[in-house]
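So this one's target.txt, compact mmCIF, C-alpha atoms:
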```
# COMPACT_ATOMS: atom_id res chain seq x y z
CA MET A 1 287.05 48.36 -22.98
CA ALA A 2 286.12 46.55 -26.17
CA ARG A 3 287.47 48.02 -29.38
CA THR A 4 285.23 50.52 -31.09
CA HIS A 5 286.92 50.10 -34.46
CA LYS A 6 288.73 47.51 -36.45
CA PHE A 7 291.21 47.42 -39.29
CA ARG A 8 291.71 44.80 -41.93
CA LYS A 9 295.40 44.07 -41.89
CA THR A 10 297.44 44.05 -45.06
CA ARG A 11 298.66 40.73 -46.38
CA THR A 12 302.25 41.75 -45.65
CA ARG A 13 301.48 42.42 -42.02
CA LEU A 14 299.78 39.10 -41.36
CA VAL A 15 302.50 37.17 -43.15
CA SER A 16 305.01 38.87 -40.84
CA ALA A 17 302.88 37.96 -37.84
CA VAL A 18 302.68 34.31 -38.86
CA ALA A 19 306.43 34.19 -39.35
CA ALA A 20 306.98 35.74 -35.93
CA ALA A 21 304.66 33.19 -34.36
CA THR A 22 307.08 30.39 -35.16
CA LEU A 23 309.30 31.66 -32.38
CA THR A 24 309.13 30.45 -28.81
CA ALA A 25 306.08 31.56 -26.84
CA GLY A 26 308.14 33.71 -24.47
CA GLY A 27 309.31 35.98 -27.26
CA LEU A 28 306.22 35.80 -29.44
CA ALA A 29 304.34 38.95 -28.59
CA ALA A 30 307.28 41.33 -28.67
CA VAL A 31 308.56 40.03 -31.98
CA ALA A 32 305.11 40.11 -33.58
CA VAL A 33 304.66 43.74 -32.54
CA SER A 34 308.11 44.60 -33.86
CA GLU A 35 307.40 42.98 -37.22
CA ALA A 36 304.03 44.69 -37.49
CA ALA A 37 305.49 48.07 -36.63
CA ALA A 38 308.08 47.64 -39.37
CA ASP A 39 305.42 47.01 -41.99
CA PRO A 40 305.61 50.01 -44.33
CA GLU A 41 302.13 49.49 -45.71
CA PRO A 42 299.30 51.17 -43.75
CA ALA A 43 296.33 49.13 -42.67
CA ALA A 44 293.11 49.77 -44.53
CA ASP A 45 290.12 51.04 -42.57
CA THR A 46 286.99 48.90 -42.55
CA ALA A 47 283.71 49.18 -40.70
CA ALA A 48 283.57 49.14 -36.92
CA VAL A 49 282.03 46.40 -34.86
CA PRO A 50 278.84 48.22 -33.86
CA ALA A 51 278.36 49.38 -30.28
CA HIS A 52 275.37 47.02 -30.22
CA ALA A 53 275.94 43.88 -32.23
CA VAL A 54 274.32 40.56 -33.13
CA THR A 55 276.55 37.50 -33.45
CA GLY A 56 275.52 34.36 -35.32
CA TYR A 57 277.27 31.03 -35.82
CA TRP A 58 277.47 29.74 -39.38
CA GLN A 59 277.60 25.95 -39.62
CA ASN A 60 280.33 24.37 -41.71
CA PHE A 61 278.35 21.13 -41.77
CA ASP A 62 274.88 19.84 -42.55
CA ASN A 63 272.96 18.64 -39.48
CA GLY A 64 269.45 19.14 -40.81
CA ALA A 65 269.35 22.90 -40.52
CA THR A 66 269.19 25.05 -43.66
CA VAL A 67 272.48 24.84 -45.55
CA GLN A 68 273.84 28.34 -46.24
CA THR A 69 276.71 30.15 -47.84
CA ILE A 70 278.21 33.10 -45.98
CA ALA A 71 276.41 35.31 -48.51
CA ASP A 72 273.08 33.84 -47.35
CA VAL A 73 273.54 35.06 -43.76
CA PRO A 74 271.05 37.91 -43.15
CA GLU A 75 272.22 41.49 -42.75
CA ALA A 76 270.98 41.46 -39.15
CA TYR A 77 274.17 39.63 -38.14
CA ASP A 78 277.09 41.93 -37.40
CA ILE A 79 279.57 39.21 -36.41
CA ILE A 80 279.55 35.85 -38.18
CA ALA A 81 281.40 33.03 -36.40
CA VAL A 82 282.41 30.25 -38.79
CA ALA A 83 282.01 26.96 -36.92
CA PHE A 84 284.42 25.29 -36.55
CA ALA A 85 288.18 25.10 -36.97
CA ASP A 86 289.42 21.59 -36.24
CA ALA A 87 292.24 20.23 -34.11
CA THR A 88 295.21 18.70 -35.92
CA GLY A 89 297.74 16.16 -34.73
CA THR A 90 299.83 18.94 -33.19
CA PRO A 91 298.60 20.03 -29.72
CA GLY A 92 297.01 23.48 -29.89
CA GLN A 93 297.16 23.73 -33.66
CA VAL A 94 293.94 24.17 -35.63
CA ASP A 95 293.04 24.06 -39.31
CA PHE A 96 289.92 24.76 -41.34
CA THR A 97 288.45 22.93 -44.30
CA LEU A 98 285.06 23.51 -45.89
CA ASP A 99 282.75 20.53 -45.51
CA PRO A 100 282.43 18.90 -48.97
CA ALA A 101 278.76 18.22 -48.19
CA LEU A 102 278.07 21.95 -48.54
CA ASN A 103 279.23 22.07 -52.19
CA TYR A 104 280.79 25.43 -51.39
CA GLY A 105 283.96 26.32 -53.25
CA GLU A 106 286.86 27.84 -51.35
CA ASP A 107 287.16 30.81 -53.72
CA ALA A 108 283.46 31.58 -53.33
CA PHE A 109 283.77 31.25 -49.55
CA LYS A 110 286.64 33.73 -49.42
CA ALA A 111 284.83 36.11 -51.75
CA ASP A 112 281.71 35.94 -49.60
CA ILE A 113 283.73 36.74 -46.47
CA ALA A 114 285.26 39.76 -48.21
CA ALA A 115 281.84 40.94 -49.36
CA LYS A 116 280.44 40.71 -45.84
CA GLN A 117 283.37 42.75 -44.58
CA GLU A 118 282.82 45.35 -47.26
CA SER A 119 279.24 45.67 -46.05
CA GLY A 120 280.43 46.35 -42.50
CA LYS A 121 280.34 42.86 -41.00
CA SER A 122 283.03 40.89 -39.16
CA VAL A 123 283.75 37.23 -39.86
CA VAL A 124 285.72 35.20 -37.32
CA VAL A 125 286.77 31.57 -37.14
CA SER A 126 285.33 29.66 -34.19
CA VAL A 127 287.31 27.06 -32.29
CA GLY A 128 285.71 24.30 -30.27
CA GLY A 129 282.05 23.43 -30.10
CA GLU A 130 280.46 20.54 -28.24
CA ARG A 131 282.78 17.99 -29.84
CA GLY A 132 285.84 20.20 -30.22
CA ALA A 133 289.08 18.68 -28.97
CA VAL A 134 291.45 21.66 -29.12
CA SER A 135 293.73 21.78 -26.08
CA VAL A 136 295.93 24.76 -25.16
CA ASN A 137 297.58 23.81 -21.89
CA ASP A 138 301.27 24.64 -22.19
CA ALA A 139 303.58 27.14 -23.88
CA ALA A 140 304.13 25.00 -26.97
CA SER A 141 300.41 24.46 -27.64
CA ALA A 142 299.72 28.17 -27.02
CA ASP A 143 302.33 28.99 -29.64
CA ALA A 144 300.83 26.46 -32.06
CA PHE A 145 297.34 27.83 -31.51
CA ALA A 146 298.40 31.43 -32.12
CA THR A 147 300.43 30.55 -35.20
CA SER A 148 297.61 28.55 -36.76
CA ILE A 149 294.92 31.18 -36.07
CA LEU A 150 297.07 33.91 -37.61
CA SER A 151 297.63 31.64 -40.59
CA LEU A 152 293.88 31.07 -41.04
CA MET A 153 293.27 34.80 -40.79
CA GLU A 154 295.80 35.29 -43.57
CA GLU A 155 294.43 32.49 -45.73
CA TYR A 156 290.71 33.21 -45.50
CA GLY A 157 290.58 36.85 -44.42
CA PHE A 158 289.00 36.20 -41.03
CA ASP A 159 288.82 39.22 -38.70
CA GLY A 160 289.63 37.20 -35.62
CA VAL A 161 288.75 34.22 -33.51
CA ASP A 162 285.89 32.90 -31.41
CA ILE A 163 286.68 30.72 -28.39
CA ASP A 164 283.95 28.12 -27.91
CA LEU A 165 285.87 25.48 -26.00
CA GLU A 166 283.38 23.38 -24.05
CA ASN A 167 285.72 20.70 -22.74
CA GLY A 168 288.04 22.71 -20.53
CA LEU A 169 290.24 25.78 -20.84
CA ASN A 170 293.52 26.81 -19.21
CA SER A 171 293.45 30.55 -18.56
CA THR A 172 297.23 30.94 -18.37
CA TYR A 173 298.00 29.48 -21.77
CA MET A 174 294.85 30.58 -23.59
CA THR A 175 295.62 34.12 -22.44
CA GLN A 176 299.16 33.73 -23.77
CA ALA A 177 297.83 32.48 -27.11
CA LEU A 178 295.26 35.25 -27.50
CA GLU A 179 297.77 37.94 -26.54
CA ALA A 180 300.10 36.60 -29.22
CA ILE A 181 297.30 36.68 -31.81
CA HIS A 182 296.50 40.25 -30.80
CA ALA A 183 300.16 41.22 -31.07
CA GLY A 184 300.30 39.74 -34.56
CA ALA A 185 296.98 41.03 -35.90
CA GLY A 186 296.79 44.39 -34.14
CA ASP A 187 294.02 46.39 -32.54
CA GLY A 188 291.53 45.49 -35.26
CA LEU A 189 291.38 41.89 -34.02
CA VAL A 190 287.88 40.67 -33.16
CA VAL A 191 287.84 38.21 -30.24
CA THR A 192 284.57 36.64 -29.15
CA MET A 193 283.90 33.93 -26.58
CA ALA A 194 280.97 31.57 -26.00
CA PRO A 195 281.38 29.95 -22.59
CA GLN A 196 278.78 27.72 -20.98
CA THR A 197 276.90 29.13 -18.01
CA ILE A 198 278.92 27.09 -15.51
CA ASP A 199 282.09 28.71 -16.85
CA MET A 200 280.94 32.21 -15.93
CA GLN A 201 279.50 31.66 -12.46
CA SER A 202 282.59 33.17 -10.82
CA PRO A 203 285.56 35.31 -11.90
CA SER A 204 287.76 32.57 -10.43
CA ASN A 205 286.67 30.16 -13.18
CA GLU A 206 289.19 29.60 -15.99
CA TYR A 207 286.97 30.96 -18.78
CA PHE A 208 286.04 34.05 -16.78
CA LYS A 209 289.71 34.62 -15.86
CA THR A 210 290.67 34.43 -19.53
CA ALA A 211 288.04 37.02 -20.45
CA LEU A 212 289.29 39.37 -17.74
CA ASN A 213 292.92 38.77 -18.72
CA ILE A 214 292.27 39.97 -22.28
CA LYS A 215 289.81 42.70 -21.37
CA ASP A 216 291.90 45.32 -23.15
CA PHE A 217 291.12 43.78 -26.54
CA LEU A 218 288.17 41.41 -25.92
CA THR A 219 285.20 42.18 -28.15
CA VAL A 220 282.35 40.25 -26.52
CA VAL A 221 281.50 37.24 -24.35
CA ASN A 222 278.26 35.65 -25.61
CA MET A 223 277.58 33.13 -22.87
CA GLN A 224 275.37 30.18 -23.87
CA TYR A 225 272.13 30.48 -21.91
CA TYR A 226 271.05 27.01 -23.02
CA ASN A 227 271.78 23.33 -22.44
CA SER A 228 272.43 24.51 -18.92
CA GLY A 229 269.86 23.65 -16.29
CA SER A 230 269.49 25.93 -13.27
CA MET A 231 272.22 28.35 -12.19
CA LEU A 232 272.88 31.01 -9.59
CA GLY A 233 272.21 34.64 -10.44
CA CYS A 234 274.17 37.60 -9.12
CA ASP A 235 271.68 37.90 -6.23
CA GLY A 236 272.49 34.38 -5.00
CA GLN A 237 269.12 33.01 -6.10
CA VAL A 238 268.70 29.98 -8.35
CA TYR A 239 267.13 30.57 -11.76
CA SER A 240 265.97 28.08 -14.39
CA GLN A 241 266.91 28.30 -18.04
CA GLY A 242 264.22 29.37 -20.46
CA THR A 243 263.17 32.50 -18.50
CA VAL A 244 263.93 36.20 -18.71
CA ASP A 245 265.27 36.06 -15.14
CA PHE A 246 267.82 33.41 -16.16
CA LEU A 247 269.19 35.75 -18.80
CA THR A 248 269.29 38.91 -16.72
CA ALA A 249 270.44 37.51 -13.38
CA LEU A 250 273.29 35.52 -14.95
CA ALA A 251 274.39 38.40 -17.17
CA CYS A 252 274.59 40.47 -14.00
CA ILE A 253 277.42 38.24 -12.72
CA GLN A 254 279.59 39.20 -15.67
CA LEU A 255 278.56 42.85 -15.56
CA GLU A 256 279.37 43.19 -11.86
CA ASN A 257 282.62 41.23 -11.87
CA GLY A 258 284.89 43.06 -14.24
CA LEU A 259 283.61 42.89 -17.80
CA ASP A 260 282.53 46.09 -19.46
CA PRO A 261 278.88 46.09 -20.61
CA SER A 262 280.16 46.37 -24.18
CA GLN A 263 281.78 42.98 -23.68
CA VAL A 264 278.61 41.13 -22.64
CA GLY A 265 276.07 39.53 -24.97
CA LEU A 266 273.20 37.06 -24.51
CA GLY A 267 273.59 33.76 -26.37
CA LEU A 268 270.38 31.87 -27.24
CA PRO A 269 269.24 29.14 -29.64
CA ALA A 270 267.54 30.33 -32.82
CA SER A 271 264.90 27.60 -32.68
CA PRO A 272 263.77 24.75 -30.42
CA GLN A 273 265.70 22.33 -32.66
CA ALA A 274 268.97 24.21 -32.17
CA ALA A 275 269.55 23.12 -28.58
CA GLY A 276 268.55 20.43 -26.13
CA GLY A 277 267.09 22.97 -23.72
CA GLY A 278 266.92 26.68 -22.98
CA TYR A 279 265.15 27.93 -26.09
CA VAL A 280 263.10 31.05 -25.49
CA ASP A 281 260.89 33.02 -27.82
CA PRO A 282 262.83 35.92 -29.39
CA GLY A 283 260.52 38.25 -27.48
CA VAL A 284 262.02 36.97 -24.22
CA VAL A 285 265.47 37.89 -25.55
CA THR A 286 264.32 41.43 -26.32
CA ASP A 287 262.71 41.68 -22.86
CA ALA A 288 266.00 40.68 -21.25
CA LEU A 289 267.90 43.21 -23.36
CA ASP A 290 265.45 45.91 -22.28
CA CYS A 291 265.69 44.88 -18.63
CA LEU A 292 269.48 45.13 -18.66
CA THR A 293 269.74 48.33 -20.69
CA ARG A 294 266.57 50.24 -19.72
CA GLY A 295 265.22 48.60 -16.56
CA THR A 296 261.98 47.59 -18.33
CA GLY A 297 260.63 44.18 -19.31
CA CYS A 298 262.16 42.46 -16.28
CA GLY A 299 260.75 39.40 -14.56
CA SER A 300 261.09 38.86 -10.83
CA PHE A 301 264.76 39.90 -10.95
CA THR A 302 265.55 43.55 -11.57
CA PRO A 303 269.19 44.67 -11.68
CA ASP A 304 270.25 47.39 -9.26
CA LYS A 305 271.29 49.51 -12.23
CA THR A 306 271.04 49.49 -16.00
CA TYR A 307 273.78 48.78 -18.52
CA PRO A 308 272.96 50.76 -21.68
CA GLY A 309 276.31 49.84 -23.22
CA LEU A 310 275.45 46.11 -23.36
CA ARG A 311 276.86 44.70 -26.60
CA GLY A 312 273.83 42.68 -27.72
CA ALA A 313 272.97 39.05 -28.45
CA MET A 314 274.16 35.87 -30.15
CA THR A 315 272.43 32.85 -31.60
CA TRP A 316 273.21 29.28 -32.50
CA SER A 317 272.89 29.31 -35.42
CA THR A 318 272.23 31.34 -38.57
CA ASN A 319 271.31 28.03 -40.20
CA TRP A 320 268.72 27.11 -37.57
CA ASP A 321 267.44 30.68 -37.76
CA ALA A 322 266.94 30.23 -41.51
CA SER A 323 265.12 26.94 -40.87
CA ASN A 324 262.76 28.89 -38.64
CA GLY A 325 262.06 31.61 -41.20
CA ASN A 326 264.75 33.91 -39.75
CA GLY A 327 262.34 34.67 -36.95
CA TRP A 328 265.13 35.14 -34.41
CA SER A 329 267.20 37.65 -36.37
CA ASN A 330 264.13 39.45 -37.69
CA THR A 331 263.06 40.13 -34.11
CA VAL A 332 266.29 40.42 -32.15
CA GLY A 333 268.35 42.18 -34.83
CA PRO A 334 266.32 45.40 -35.09
CA HIS A 335 265.88 45.42 -31.31
CA VAL A 336 269.63 45.27 -30.74
CA ASP A 337 270.10 48.07 -33.25
CA GLY A 338 267.65 50.19 -31.26
CA LEU A 339 269.26 49.71 -27.83
CA PRO A 340 270.25 52.94 -26.07
```
If you took the structure in this file and wrote it as structure tokens, what would it be?
Amino acid sequence: MARTHKFRKTRTRLVSAVAAATLTAGGLAAVAVSEAAADPEPAADTAAVPAHAVTGYWQNFDNGATVQTIADVPEAYDIIAVAFADATGTPGQVDFTLDPALNYGEDAFKADIAAKQESGKSVVVSVGGERGAVSVNDAASADAFATSILSLMEEYGFDGVDIDLENGLNSTYMTQALEAIHAGAGDGLVVTMAPQTIDMQSPSNEYFKTALNIKDFLTVVNMQYYNSGSMLGCDGQVYSQGTVDFLTALACIQLENGLDPSQVGLGLPASPQAAGGGYVDPGVVTDALDCLTRGTGCGSFTPDKTYPGLRGAMTWSTNWDASNGNGWSNTVGPHVDGLP
């Protein structure tokens, strides 16, 4: 099951976790747990990730969408994924630097993250994206990935990590890396994923296997229902992107193949400009949410049962949402809050 609460770890604990992560991958998890357990300072309680949550990606670059600070992100967003951490010259290792084009100071950025957390939100660092070149395909790169993510969590105060790798993923070593991060950060870690539709067509796919491998601490998988083309639904029928059936029939694959409903969200573009294809009116998103949770608002596909525990929805991006008058979050946000 996904975690129903989270804790912000003390600085001492995360420093210990980062130090432990310099060890070999085989001994990483056990040592990180040992160091965390020895930490004499208790973790401070912060707000829970809501049972129904909206995730939004915040762009650390200017591509024509509204430029925002973290403080500008509307309250409708419960999880903010900062996009993106960048690969370094060391395989698996990532780093994060604010884009100078944003004119956003690092101190202000950190303060804005802390303020969002104080208001009950989670802020995670996202890895990957369409052009992301992060590769975790052996024990050394898994170790480097875990160490660098824990370091970024310590430096900026991130609550966790979002996996948005669109150019391949190795389930064995990504699982190892995420388990090490969880061991270092503890049960309050927020882990989100944003696979493409092709990655979640079968539980034998590497992305799907990774999600199932970390099910004990996975927060949510917000599959991208866009830039996809047609895909198979759980009934074996082919559905085209841009329809309510595409959302519900593909979500059904995840819901019926091992993920808890609380670990499934619907990822959609916030505006037609945000993706090359697959945009739907926010009302279609709310229809799909109703179909999956209540059995109403369905198209030609109706699930055999309802999933009232469904986590919610995600959008790319908060910036494109702002460019469109925040129409996506103004519609989908309250609807997610009102799910059963």
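Taking all atoms listed in the file into account, those protein, DNA and RNA residues with any atom at most 8 Å away from (287.3, 33.4, -23.7) amount to Asp162, Ile163, Asp164, Thr192, Met193, Ala194, Pro195, Tyr207, Phe208, Thr210, Ala211 and Val221 of chain A.
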Could you list, as JSON, numbers by chain, every residue within 6 Å of range 106-114 of chain A, counting all atoms listed in the file and ignoring same-chain residues fewer than 4 positions away? {"A": [70, 71, 156]}
Using only C-alpha atoms, find each residue of range 109-170 of chain A with at least one atom at most 12 Å away from an atom of range 93-97 of chain A; report its shortest atom-to-atom pair and that distance in Å (one decimal), sort the rows by chain and rising residue number, and return the result as a Markdown table.
```
| residue | atom | partner | partner_atom | distance |
| --- | --- | --- | --- | --- |
| A:Phe109 | CA | A:Thr97 | CA | 10.9 |
| A:Val124 | CA | A:Phe96 | CA | 11.9 |
| A:Val125 | CA | A:Phe96 | CA | 8.6 |
| A:Ser126 | CA | A:Phe96 | CA | 9.8 |
| A:Val127 | CA | A:Val94 | CA | 8.0 |
| A:Gly128 | CA | A:Val94 | CA | 9.8 |
| A:Gly132 | CA | A:Val94 | CA | 10.5 |
| A:Ala133 | CA | A:Val94 | CA | 9.9 |
| A:Val134 | CA | A:Val94 | CA | 7.4 |
| A:Ser135 | CA | A:Gln93 | CA | 8.5 |
| A:Val136 | CA | A:Gln93 | CA | 8.7 |
| A:Asn137 | CA | A:Gln93 | CA | 11.8 |
| A:Ala140 | CA | A:Gln93 | CA | 9.7 |
| A:Ser141 | CA | A:Gln93 | CA | 6.9 |
| A:Ala142 | CA | A:Gln93 | CA | 8.4 |
| A:Asp143 | CA | A:Gln93 | CA | 8.4 |
| A:Ala144 | CA | A:Gln93 | CA | 4.8 |
| A:Phe145 | CA | A:Gln93 | CA | 4.6 |
| A:Ala146 | CA | A:Gln93 | CA | 7.9 |
| A:Thr147 | CA | A:Gln93 | CA | 7.7 |
| A:Ser148 | CA | A:Gln93 | CA | 5.7 |
| A:Ile149 | CA | A:Val94 | CA | 7.1 |
| A:Leu150 | CA | A:Val94 | CA | 10.4 |
| A:Ser151 | CA | A:Asp95 | CA | 9.0 |
| A:Leu152 | CA | A:Asp95 | CA | 7.3 |
| A:Met153 | CA | A:Phe96 | CA | 10.6 |
| A:Glu155 | CA | A:Phe96 | CA | 10.0 |
| A:Tyr156 | CA | A:Phe96 | CA | 9.5 |
| A:Phe158 | CA | A:Phe96 | CA | 11.5 |
| A:Val161 | CA | A:Val94 | CA | 11.5 |
```
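Here CA of Val238 in chain A and CA of Gly312 in chain A stand 23.7 Å from one another.
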By how many Å are CA of Arg294 in chain A and CA of Gln237 in chain A apart? 22.1 Å
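CA of Ala115 in chain A lies 23.3 Å from CA of Gly325 in chain A.
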Exercise: range 53-68 of chain A partners within 6 Å, only C-alpha atoms, chain neighbours under 3 positions left out, as an MDAnalysis selection string: chainID A and resid 50 72 77:83 99 311:320 323
Store the residues of this selection in a file with C-alpha atoms, as a PDB file, keeping the file's coordinate frame.
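The resulting file, out.pdb, is reproduced below:
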```pdb
ATOM      1  CA  PRO A  50     278.840  48.220 -33.860  1.00  0.00           C
ATOM      2  CA  ASP A  72     273.080  33.840 -47.350  1.00  0.00           C
ATOM      3  CA  TYR A  77     274.170  39.630 -38.140  1.00  0.00           C
ATOM      4  CA  ASP A  78     277.090  41.930 -37.400  1.00  0.00           C
ATOM      5  CA  ILE A  79     279.570  39.210 -36.410  1.00  0.00           C
ATOM      6  CA  ILE A  80     279.550  35.850 -38.180  1.00  0.00           C
ATOM      7  CA  ALA A  81     281.400  33.030 -36.400  1.00  0.00           C
ATOM      8  CA  VAL A  82     282.410  30.250 -38.790  1.00  0.00           C
ATOM      9  CA  ALA A  83     282.010  26.960 -36.920  1.00  0.00           C
ATOM     10  CA  ASP A  99     282.750  20.530 -45.510  1.00  0.00           C
ATOM     11  CA  ARG A 311     276.860  44.700 -26.600  1.00  0.00           C
ATOM     12  CA  GLY A 312     273.830  42.680 -27.720  1.00  0.00           C
ATOM     13  CA  ALA A 313     272.970  39.050 -28.450  1.00  0.00           C
ATOM     14  CA  MET A 314     274.160  35.870 -30.150  1.00  0.00           C
ATOM     15  CA  THR A 315     272.430  32.850 -31.600  1.00  0.00           C
ATOM     16  CA  TRP A 316     273.210  29.280 -32.500  1.00  0.00           C
ATOM     17  CA  SER A 317     272.890  29.310 -35.420  1.00  0.00           C
ATOM     18  CA  THR A 318     272.230  31.340 -38.570  1.00  0.00           C
ATOM     19  CA  ASN A 319     271.310  28.030 -40.200  1.00  0.00           C
ATOM     20  CA  TRP A 320     268.720  27.110 -37.570  1.00  0.00           C
ATOM     21  CA  SER A 323     265.120  26.940 -40.870  1.00  0.00           C
TER      22      SER A 323
END
```
How close does range 121-238 of chain A get to range 249-261 of chain A? List, as CSV, each residue of range 121-238 of chain A within 8 Å, its nearest atom pair and the distance in Å to one decimal, counting all atoms listed in the file.
```
residue,atom,partner,partner_atom,distance
A:Thr197,CA,A:Leu250,CA,8.0
A:Met200,CA,A:Gln254,CA,7.1
A:Gln201,CA,A:Ile253,CA,6.9
A:Ser202,CA,A:Ile253,CA,7.5
A:Pro203,CA,A:Asn257,CA,6.6
A:Ala211,CA,A:Leu259,CA,7.8
A:Leu212,CA,A:Leu259,CA,6.7
A:Lys215,CA,A:Leu259,CA,7.2
A:Met231,CA,A:Leu250,CA,7.8
A:Leu232,CA,A:Leu250,CA,7.0
A:Gly233,CA,A:Ala249,CA,4.5
A:Cys234,CA,A:Ile253,CA,4.9
A:Asp235,CA,A:Ala249,CA,7.3
```
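Residues in contact range of Asp138 in chain A, defined as at most 12 Å between all atoms listed in the file, with sequence neighbours fewer than 3 positions away removed, read Thr24, Ala25, Gly26, Pro91, Gly92, Ser135, Ser141, Ala142, Asp143, Ala144, Phe145, Leu169, Asn170, Ser171, Thr172, Tyr173, Met174, Thr175, Gln176 and Ala177 of chain A.
The neighbours of Gly229 in chain A here are the residues that come within 12 Å of it, using only C-alpha atoms and leaving out any residue fewer than 2 positions away in the same chain; they are A:Gln196, A:Thr197, A:Ile198, A:Gln224, A:Tyr225, A:Tyr226, A:Asn227, A:Met231, A:Leu232, A:Val238, A:Tyr239, A:Ser240, A:Gln241, A:Gly242, A:Thr243, A:Phe246, A:Gly276, A:Gly277, A:Gly278, A:Tyr279.
Comparing A:Pro334, A:Leu165, A:Val73, A:Leu292 by their smallest distance to Asp321 in chain A, the closest is A:Val73 (using only C-alpha atoms).
Minimum atom-to-atom distance to Gly295 in chain A, evaluated using only C-alpha atoms, belongs to A:Pro340 out of A:Gly283, A:Gly333, A:Gly89, A:Pro340.
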Which residues, written as a VMD selection string, have at least one atom at most 12 Å from Phe217 in chain A, with all atoms listed in the file counted and residues fewer than 4 positions away on the same chain left out? chain A and resid 1 to 6 160 175 178 to 183 185 to 192 210 to 213 221 259 to 260 262 to 263
Completion of range 113-126 of chain A up to N, CA, C and O atoms, as a short mmCIF file (atom, residue, chain, number, x, y, z; two decimals), in the coordinates of the input:
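Once written, result.cif looks like this:
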```cif
data_model
loop_
_atom_site.label_atom_id
_atom_site.label_comp_id
_atom_site.auth_asym_id
_atom_site.auth_seq_id
_atom_site.Cartn_x
_atom_site.Cartn_y
_atom_site.Cartn_z
N ILE A 113 283.22 36.11 -47.69
CA ILE A 113 283.73 36.74 -46.47
C ILE A 113 284.11 38.19 -46.76
O ILE A 113 283.74 39.11 -46.02
N ALA A 114 284.84 38.41 -47.85
CA ALA A 114 285.26 39.76 -48.21
C ALA A 114 284.07 40.67 -48.45
O ALA A 114 284.07 41.84 -48.06
N ALA A 115 283.03 40.13 -49.09
CA ALA A 115 281.84 40.94 -49.36
C ALA A 115 281.13 41.32 -48.08
O ALA A 115 280.63 42.45 -47.94
N LYS A 116 281.05 40.39 -47.13
CA LYS A 116 280.44 40.71 -45.84
C LYS A 116 281.23 41.82 -45.14
O LYS A 116 280.66 42.74 -44.56
N GLN A 117 282.54 41.73 -45.20
CA GLN A 117 283.37 42.75 -44.58
C GLN A 117 283.19 44.10 -45.24
O GLN A 117 283.14 45.14 -44.57
N GLU A 118 283.05 44.10 -46.55
CA GLU A 118 282.82 45.35 -47.26
C GLU A 118 281.48 45.98 -46.87
O GLU A 118 281.33 47.20 -46.92
N SER A 119 280.54 45.14 -46.47
CA SER A 119 279.24 45.67 -46.05
C SER A 119 279.19 45.99 -44.55
O SER A 119 278.13 46.28 -44.01
N GLY A 120 280.35 45.93 -43.90
CA GLY A 120 280.43 46.35 -42.50
C GLY A 120 280.37 45.24 -41.48
O GLY A 120 280.26 45.50 -40.29
N LYS A 121 280.44 43.99 -41.92
CA LYS A 121 280.34 42.86 -41.00
C LYS A 121 281.73 42.33 -40.65
O LYS A 121 282.71 42.57 -41.35
N SER A 122 281.80 41.58 -39.55
CA SER A 122 283.03 40.89 -39.16
C SER A 122 282.80 39.39 -39.29
O SER A 122 281.71 38.90 -38.98
N VAL A 123 283.82 38.68 -39.74
CA VAL A 123 283.75 37.23 -39.86
C VAL A 123 284.94 36.64 -39.12
O VAL A 123 286.09 36.97 -39.41
N VAL A 124 284.66 35.80 -38.13
CA VAL A 124 285.72 35.20 -37.32
C VAL A 124 285.64 33.69 -37.43
O VAL A 124 284.60 33.13 -37.79
N VAL A 125 286.76 33.03 -37.14
CA VAL A 125 286.77 31.57 -37.14
C VAL A 125 286.57 31.08 -35.71
O VAL A 125 287.23 31.56 -34.79
N SER A 126 285.64 30.17 -35.52
CA SER A 126 285.33 29.66 -34.19
C SER A 126 286.07 28.36 -33.93
O SER A 126 286.20 27.50 -34.80
#
```
